[in-house]
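Visitor: Provided herewith is a single structure, encoded as structure tokens, for subsequent inquiry.
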Amino acid sequence: MSKEKFIRKGPAHWIINPSLTHDKKIPVIANENILETITDRVIQQASNTANAEGVESVVLNPDAHEGYGAPIGCVVVTSRTLMPGPVGFDISCSMSFLQTDLQPADVLDRRVRRTLIQEIEKRIALGAGSKPAPLQHRVTPQEFHEIIGRGPEAREILTRHEVDLSWTENLERKWLEADPDVISKRAFERGFDQLGSLGGGNHFIEMETSEIVDSKLASHFGITPGVVIVTHCGSRGFGHQIASEFFKQLEHDFKAAGKPFPGNDRELVFCYRDTPVGERYWKSVGCGANFAIVNHLFINTALRDSLRTLFPGVNCYLVYLISHNLVQPEVIGGRTKFIHRKGATRALPAGHPLLEGTKFAATGHPALVPGSALVGSSLMVADVNSHLTHHSVNHGAGRAMGRNQARRTLDQKLVDEEMERHDVLFNYRHYPIDESAAAYKNYEDVIQSMLEARIARVVSQHKPLMVLKGND
């Protein structure tokens, strides 16, 4: 890609040439290798988003790639409007990080890992349309109503389902403002059976070994060398139904008002926060986010119980749980804005007002950045320039090719051989070719971009031992 499309502002910090964005200033965090992955389509989507009514800022992280309406891997700031596109269909898709006191030697034997995979499959449903697993915790309709309204604040329900309540101290948020009574019957029905399930696509459960980079911060966060489990999932069919209903509603509203879609893209529709539809969307997103938080707590409880079938005395500690598909109110320049993060993870620095009174006030909080089943993940923390991205980091490596392209061009045999060569066990015979490392951007370059721009720094790095995904 021609660098004439970008203007350098600093190390790994560019803006898209304003001639391509109707004079909007759109920062891009990327080293020179990653800059080559920012396609014309991504630039067009970023420009369309930036020029939508009410949008004050758009930032692209190094994982930025084509999305629906807005690019995936972007941050969108508004003051009055809410945009379902830069939130996405999987409302509050999140990452959680479970620290164990196991050592790599405990799980080096492939038979041990294979048995663990089988135990996890008994407790966690995998796949987009999966039925509940045999030992999966099931909730009543009344419990589900409470959970989507109160999230982990429904502590009596968490206790009933054997969730370790100490884990709730390490959540990005305790709950979001929500109203279960605005949720449609269809959304309620789609979500009711899915608490404690993983889903499909790029969702995963990954057992990894950790390497400490910053010992002081790692100790503060509760991270130790050894075995950890990283999980990626969100609000499942529940969140997807909520998003689908609002896209349909807002598209209808735009057409009824004779209002053009921003950038001629129906997935950039929006509503005003202070209108009835804005209020319903806000409280519906809160329900989806509350679901996602408790879903992770249920999954991590199931992971703990699975480990204890082989290692009865194992201790498990939830280091952090954080979203990367959400809209939240945050203060920028002394004024409250709506920060939409689509495939972007919040990374608040030390001293940020939202961390006041938490154990992370003096350090910033952890931010989880996965790569692929071959390269693993990193746990990061905000650095001095995190304000450039409105205190956000990328949520992963970002796709280098679409799923269909990956299926057409990559070799299944080579993908499976690479997993075998790295001794990473998988829960099916073949690893999904469209989820292979080659389908994603170079993870080292993605992380290096954040380091060079001083957006975030690495606290610990993690190498995969085994991965579970849904077979869609």
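All residue names refer to the structure tokens as shown: chains lettered A, B, ... in order, residues numbered from 1 in each chain, ligands numbered from 1 in order.
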Can you pull out every residue within 10 Å of Ser166 in chain A, counting only C-alpha atoms, but drop anything in the same chain fewer than 3 positions away, and send it as number ranges by chain?

Guide: A: 163, 169-170, 317-318

Visitor: Do you know which residues are at most 8 Å from Trp14 in chain A counting only C-alpha atoms, after dropping those on the same chain fewer than 5 positions away, and could you put them as a list in words?

Guide: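 Counting only C-alpha atoms, the residues come to Phe6, Ile7, Arg8, Lys9, Pro27, Val28, Ile29 and Ala30 of chain A.
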
Visitor: Would you export the selected residues with C-alpha atoms as a PDB file, in the first residue's frame, please?

Guide:
```
ATOM      1  CA  PHE A   6      -0.771   7.930   5.521  1.00  0.00           C
ATOM      2  CA  ILE A   7       1.048  10.772   7.241  1.00  0.00           C
ATOM      3  CA  ARG A   8       3.533   9.895   9.968  1.00  0.00           C
ATOM      4  CA  LYS A   9       2.949  11.544  13.357  1.00  0.00           C
ATOM      5  CA  PRO A  27      -5.120   8.092  13.714  1.00  0.00           C
ATOM      6  CA  VAL A  28      -3.662   4.680  12.906  1.00  0.00           C
ATOM      7  CA  ILE A  29      -1.369   2.769  15.262  1.00  0.00           C
ATOM      8  CA  ALA A  30       0.872   0.558  13.124  1.00  0.00           C
TER       9      ALA A  30
END
```

Visitor: If you take only C-alpha atoms and a cut-off of 7 Å, which residues of range 74-189 of chain A touch range 48-67 of chain A, and what are their nearest atom pairs and distances in Å to one decimal, in chain and number order, as a tab-separated table?

Guide:
```
residue	atom	partner	partner_atom	distance
A:Cys74	CA	A:Leu60	CA	4.6
A:Val75	CA	A:Val59	CA	5.1
A:Val76	CA	A:Val58	CA	4.6
A:Val77	CA	A:Ser57	CA	5.0
A:Thr78	CA	A:Val55	CA	4.7
A:Ser79	CA	A:Gly54	CA	6.5
A:Arg80	CA	A:Gly54	CA	6.3
A:Thr81	CA	A:Gly54	CA	5.8
```

Visitor: Write out, as a short mmCIF file (atom, residue, chain, number, x, y, z; two decimals), in the first residue's frame, the residues just selected, with C-alpha atoms.

Guide:
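File written: out.cif
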```cif
data_model
loop_
_atom_site.label_atom_id
_atom_site.label_comp_id
_atom_site.auth_asym_id
_atom_site.auth_seq_id
_atom_site.Cartn_x
_atom_site.Cartn_y
_atom_site.Cartn_z
CA CYS A 74 -11.45 0.62 15.91
CA VAL A 75 -12.49 3.09 18.60
CA VAL A 76 -15.40 5.45 17.89
CA VAL A 77 -16.23 8.44 20.10
CA THR A 78 -19.63 10.18 20.10
CA SER A 79 -21.31 12.65 22.42
CA ARG A 80 -25.04 12.19 21.69
CA THR A 81 -25.41 9.15 19.46
#
```

Visitor: With only C-alpha atoms as the basis for distance, which of A:Glu119, A:Glu267, A:Asp181, A:Asp434 is at the shortest distance from Gln45 in chain A?

Guide: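 Going through A:Glu119, A:Glu267, A:Asp181, A:Asp434 one by one, the smallest distance to Gln45 in chain A is for A:Glu267.
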
Visitor: Just list the residues in range 283-467 of chain A DSSP gives strand (DSSP E or B) on the backbone, as a ChimeraX atom specification.

Guide: /A:316-323,325-332,335-342,344-346,367-370,377-382,392-394,399,425-426,440,456-467

Visitor: Would you save the residues of that selection, restricted to C-alpha atoms, as a PDB file, in the first residue's frame?

Guide:
```pdb
ATOM      1  CA  CYS A 316      -7.612 -20.993  40.341  1.00  0.00           C
ATOM      2  CA  TYR A 317      -7.564 -17.204  40.416  1.00  0.00           C
ATOM      3  CA  LEU A 318      -9.383 -14.965  37.945  1.00  0.00           C
ATOM      4  CA  VAL A 319      -6.819 -12.290  37.073  1.00  0.00           C
ATOM      5  CA  TYR A 320      -9.134 -10.199  34.891  1.00  0.00           C
ATOM      6  CA  LEU A 321     -12.180 -10.177  32.644  1.00  0.00           C
ATOM      7  CA  ILE A 322     -12.470  -7.420  30.027  1.00  0.00           C
ATOM      8  CA  SER A 323     -14.701  -6.641  27.037  1.00  0.00           C
ATOM      9  CA  ASN A 325     -17.221  -5.050  21.881  1.00  0.00           C
ATOM     10  CA  LEU A 326     -19.045  -2.405  23.873  1.00  0.00           C
ATOM     11  CA  VAL A 327     -20.115   1.219  24.281  1.00  0.00           C
ATOM     12  CA  GLN A 328     -19.421   2.893  27.640  1.00  0.00           C
ATOM     13  CA  PRO A 329     -19.498   6.424  29.047  1.00  0.00           C
ATOM     14  CA  GLU A 330     -16.031   7.851  29.730  1.00  0.00           C
ATOM     15  CA  VAL A 331     -14.692  11.345  30.310  1.00  0.00           C
ATOM     16  CA  ILE A 332     -12.539  12.896  27.577  1.00  0.00           C
ATOM     17  CA  ARG A 335     -16.765  15.906  29.153  1.00  0.00           C
ATOM     18  CA  THR A 336     -18.569  12.556  29.178  1.00  0.00           C
ATOM     19  CA  LYS A 337     -18.490  10.800  25.811  1.00  0.00           C
ATOM     20  CA  PHE A 338     -19.713   7.463  24.520  1.00  0.00           C
ATOM     21  CA  ILE A 339     -16.704   5.290  23.696  1.00  0.00           C
ATOM     22  CA  HIS A 340     -17.548   2.523  21.232  1.00  0.00           C
ATOM     23  CA  ARG A 341     -14.878  -0.167  21.081  1.00  0.00           C
ATOM     24  CA  LYS A 342     -15.282  -2.635  18.224  1.00  0.00           C
ATOM     25  CA  ALA A 344     -10.797  -2.921  20.875  1.00  0.00           C
ATOM     26  CA  THR A 345      -9.961  -3.467  24.541  1.00  0.00           C
ATOM     27  CA  ARG A 346     -10.031  -0.735  27.172  1.00  0.00           C
ATOM     28  CA  ALA A 367      -5.568  -5.795  28.983  1.00  0.00           C
ATOM     29  CA  LEU A 368      -5.683  -9.198  27.301  1.00  0.00           C
ATOM     30  CA  VAL A 369      -4.487  -9.467  23.693  1.00  0.00           C
ATOM     31  CA  PRO A 370      -4.748 -12.920  22.075  1.00  0.00           C
ATOM     32  CA  SER A 377      -1.457 -14.263  23.926  1.00  0.00           C
ATOM     33  CA  SER A 378      -0.068 -11.291  25.823  1.00  0.00           C
ATOM     34  CA  LEU A 379      -1.250  -9.501  28.923  1.00  0.00           C
ATOM     35  CA  MET A 380      -0.559  -5.772  28.615  1.00  0.00           C
ATOM     36  CA  VAL A 381      -1.026  -2.559  30.564  1.00  0.00           C
ATOM     37  CA  ALA A 382      -1.462   1.032  29.369  1.00  0.00           C
ATOM     38  CA  SER A 392      -7.596   1.293  24.066  1.00  0.00           C
ATOM     39  CA  VAL A 393      -5.494  -1.546  22.696  1.00  0.00           C
ATOM     40  CA  ASN A 394      -6.221  -4.041  19.955  1.00  0.00           C
ATOM     41  CA  ARG A 399      -7.632 -11.003  10.287  1.00  0.00           C
ATOM     42  CA  LEU A 425      -3.730 -30.181  21.251  1.00  0.00           C
ATOM     43  CA  PHE A 426      -7.132 -29.455  19.733  1.00  0.00           C
ATOM     44  CA  TYR A 440      -4.303 -13.524  10.889  1.00  0.00           C
ATOM     45  CA  ALA A 456       0.816  -0.313  26.043  1.00  0.00           C
ATOM     46  CA  ARG A 457       3.569  -2.545  27.367  1.00  0.00           C
ATOM     47  CA  VAL A 458       3.742  -6.288  27.996  1.00  0.00           C
ATOM     48  CA  VAL A 459       3.406  -7.742  31.494  1.00  0.00           C
ATOM     49  CA  SER A 460       3.398 -11.444  30.556  1.00  0.00           C
ATOM     50  CA  GLN A 461       3.398 -13.634  27.442  1.00  0.00           C
ATOM     51  CA  HIS A 462       1.738 -17.022  27.053  1.00  0.00           C
ATOM     52  CA  LYS A 463       2.352 -20.026  24.807  1.00  0.00           C
ATOM     53  CA  PRO A 464      -0.461 -22.486  23.961  1.00  0.00           C
ATOM     54  CA  LEU A 465      -0.657 -26.073  25.202  1.00  0.00           C
ATOM     55  CA  MET A 466      -4.182 -26.910  24.048  1.00  0.00           C
ATOM     56  CA  VAL A 467      -7.210 -25.162  22.590  1.00  0.00           C
TER      57      VAL A 467
END
```

Visitor: When you count only C-alpha atoms, which of these residues is closest to Phe144 in chain A: A:Gly226, A:Pro366, A:Gly127, A:Gly288?

Guide: A:Gly288

Visitor: Considering only C-alpha atoms, return as a PyMOL selection string whatever protein or nucleic-acid residues lie within 8 Å of Leu410 in chain A, sequence-local ones (same chain, fewer than 4 positions apart) excluded.

Guide: chain A and resi 406+415+433+438

Visitor: Calculated over only C-alpha atoms, which of the candidates A:Val112, A:Ala187, A:Leu98, A:Ala397 has the smallest distance to His240 in chain A?

Guide: A:Ala187

Visitor: One decimal, Å: what's the distance from CA of Pro84 in chain A over to CA of Ser130 in chain A, could you say?

Guide: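 Distance between the two atoms: 25.9 Å.
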